[in-house]
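Comments concern the structure below.
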Amino acid sequence: MQTYLVGGAIRDALLGRPGSDRDWVVVGATPEEMTAQGYLPVGRDFPVFLHPETREEYALARTERKSAPGYRGFVVHASPEVTLEQDLARRDLTVNAIALPSGKAGATLDLAHVVDPFDGRRDLREKVLRHVTDAFREDPVRILRVARFAARFADFRIALETMSLMREMIAAGEADALVPERVWQELARGLMEAKPSRMFELLRECGALAVLLPEVDRLWGVPQPEAHHPEVDTGRHLMMVLDMAARLDAPLPVRFACLVHDLGKGTTPAEVLPRHIGHEQRSVGLLREVCERWRVPVELRELAEVVAREHGNIHRSGEFGALALVRLLERCDAFRKPARFEQALLACECDARGRLGMEERPYPQRERLRAALAAARSVATAPIAAQAQAEGAAGTKIAESIARARVTAVAEALALPP
């Protein structure tokens, strides 16, 4: 029985990057031997165990054989006869098919003893993402993983044979069998990488984006008014917005809102281009379809809807008077959900600065709307409601009294006409 550290932890150590989670593979052992040593079995589809002390995952060396289309169509074979090289051969990329004996994997990894049967170190030096074997084609999730790694390692290129293989997989309909949970998991991880645009550009290049996110794929080639969008192309703009979100260290809900905020521009009639009248509401409908398809968490969908519907108004809010500002805050549900409104403002700043030549331009709308919300929230609503009730008002009349007080507070705070 021999234990090896495998995958990302070694890859990142070789690159001099902060370490990934440590994953282990055990060669020459049975499940019974693992449990006898105190390991806790947790694997549903194949033998995986938690270390009794560190709680790190230890998987028995295994091979996999395709038995049906899609992500779950595999027959897994784990036995003491499976070798380390056979286990590494089933992995996605050569840079992840690297191992280190456990005796050399202490707090500091002894990289002189790396086991590298598929030349992963060479591909790290040459900055190439390359599939290990033709078994790559058996799992369509790997297409998403390659795209995610492209977003993480922005200076790496995709091997030509790997891109060709991914295109073959898409043409064969493998992406049609992907389960929503895995797609969303990889999309979410890719959005949080250093250069998320590369994920979507690579998915588009291999044909996967048209299958998984046709609403996003159709944005390329759609023109916008050059006065507001010097980059013109809507797809290019979207990629700039995503990278601006990464630059501003935006959380996942903001990055997802950025991804889907302009979907409606892909359905603008050709005869009215490059204008996109009413694209905001069309975007809301399309993003709901995306969220349903890939089971996007509700809180992300709700923020995305606010941003898609109101980003144009937030951009123009510098021209608004106090009444229009309060109405905007109400539509964004900012009084009940100020933290979500703050995320909406960040998404709008990413949108405004994700344009050619505007990357360093300030976004004063964010501070102005923050100030407007603070002023409006400073209004004590309970006394106003009580006074209105004492005067015989009810329902909408009370709400109107509170709104008037908020408008007055915003006007005073921002020095606007009453």
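Letters for chains follow the order of the structure tokens (A, B, ...), residue numbers begin at 1 for each chain, and ligand numbers begin at 1 in the order shown.
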request  = Please identify all polymer residues within 8 Å of A:Leu303, counting only C-alpha atoms, omitting same-chain residues fewer than 6 positions from it, and present them as a count of residues only.
outcome  = 6
ask   = What lies within 9 Å of stretch 34-43 of chain A using only C-alpha atoms, ignoring chain neighbours under 3 positions off, as a list in words?
value = Ala29, Thr30, Pro31, Phe46, Pro47, Val48, Phe49, Leu50, His51, Pro52, Glu53, Arg55, Glu57, Tyr58 and Ala59 of chain A
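Counting only C-alpha atoms, the residue from A:Leu100, A:Ala376, A:Leu109, A:Leu356 that sits nearest to A:Ala322 is A:Ala376.
Minimum distance to A:Leu416 across A:Ala403, A:Ala394, A:Ile170, A:Ala372 (counting only C-alpha atoms) occurs at A:Ala372.
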A:Glu205 surroundings by only C-alpha atoms, 10 Å radius, close-in-sequence under 4 positions cut, as a ChimeraX atom specification = /A:163,166-167,199-201,209-210
Just to be explicit: take each residue in the selection above, keep N, CA and C atoms, and write the result as a CSV table (one decimal), in the first residue's frame.
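File produced: again.csv:
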chain,number,residue,atom,x,y,z
A,163,MET,N,-8.1,21.3,-28.2
A,163,MET,CA,-9.2,22.0,-28.7
A,163,MET,C,-10.0,21.2,-29.8
A,166,MET,N,-12.2,18.7,-28.0
A,166,MET,CA,-13.4,19.3,-27.4
A,166,MET,C,-14.4,19.6,-28.5
A,167,ARG,N,-14.0,20.1,-29.6
A,167,ARG,CA,-14.9,20.4,-30.7
A,167,ARG,C,-15.6,19.1,-31.2
A,199,MET,N,-12.7,31.9,-19.9
A,199,MET,CA,-13.5,30.8,-19.9
A,199,MET,C,-14.6,30.8,-21.0
A,200,PHE,N,-15.2,31.9,-21.1
A,200,PHE,CA,-16.3,32.0,-22.1
A,200,PHE,C,-15.8,32.1,-23.5
A,201,GLU,N,-14.7,32.7,-23.7
A,201,GLU,CA,-14.1,32.8,-25.0
A,201,GLU,C,-13.7,31.4,-25.5
A,209,LEU,N,-20.3,27.0,-25.8
A,209,LEU,CA,-21.1,28.1,-25.3
A,209,LEU,C,-22.5,28.2,-26.1
A,210,ALA,N,-22.5,27.9,-27.3
A,210,ALA,CA,-23.8,27.9,-28.1
A,210,ALA,C,-24.7,26.8,-27.6
query = Residues at most 7 Å from stretch 112-120 of chain A, counting only C-alpha atoms, excluding those fewer than 3 positions away in the same chain, as number ranges by chain?
reply = A: 85, 94-95, 97-100, 123-124, 132
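Each of A:Leu144, A:Leu287, A:Val326, A:Ala250 was compared to A:Ala308 using only C-alpha atoms, and A:Leu287 turns out to be the nearest.
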message = Write out as an MDAnalysis selection string the set of residues from stretch 93-335 of chain A that DSSP, computed on the backbone, places in alpha helix (DSSP H).
response = chainID A and resid 120:126 141:152 160:171 180:191 197:206 208:212 214:217 234:247 252:260 279:294 298:316 322:331
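Atom CA of A:Ala61 is found 5.5 Å from atom CA of A:Asp87.
Atom CA of A:Arg406 lies 10.8 Å from atom CA of A:Glu330.
Taking atom CA of A:Ala339 and atom CA of A:Leu325 as endpoints, the distance between them is 17.5 Å.
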query = Smallest atom-to-atom distance to A:Ala188: which of A:Gly221, A:Phe256, A:Arg295, A:Arg142, using only C-alpha atoms?
reply = A:Phe256
ask   = Which residue, A:Tyr4, A:Trp294, A:Tyr363, A:Trp220, has the smallest gap to A:Gly106 when you use only C-alpha atoms?
value = A:Tyr4
task = Determine the nearest neighbour of A:Arg91 from the options A:Asp139, A:Asp243, A:Glu367, A:Glu299, counting only C-alpha atoms.
result = A:Asp139
For A:Glu174, find every residue with an atom within 10 Å (counting only C-alpha atoms), except residues of its own chain fewer than 3 positions away, and show them as a tab-separated table (two decimals) with C-alpha atoms, in the first residue's frame.
chain	number	residue	atom	x	y	z
A	69	PRO	CA	-23.46	9.24	-22.56
A	70	GLY	CA	-23.00	12.11	-20.15
A	71	TYR	CA	-21.34	12.75	-16.84
A	137	ARG	CA	-13.64	12.56	-24.37
A	138	GLU	CA	-15.55	10.31	-21.98
A	139	ASP	CA	-16.45	13.12	-19.56
A	140	PRO	CA	-17.95	16.36	-21.00
A	141	VAL	CA	-17.45	18.16	-17.68
A	166	MET	CA	-13.35	19.32	-27.41
A	168	GLU	CA	-15.46	16.72	-31.60
A	169	MET	CA	-17.15	16.13	-28.26
A	170	ILE	CA	-19.51	19.06	-28.77
A	171	ALA	CA	-20.33	17.91	-32.31
A	177	ALA	CA	-25.99	15.22	-21.35
A	178	LEU	CA	-24.39	17.53	-18.78
A	208	ALA	CA	-19.83	24.65	-26.08
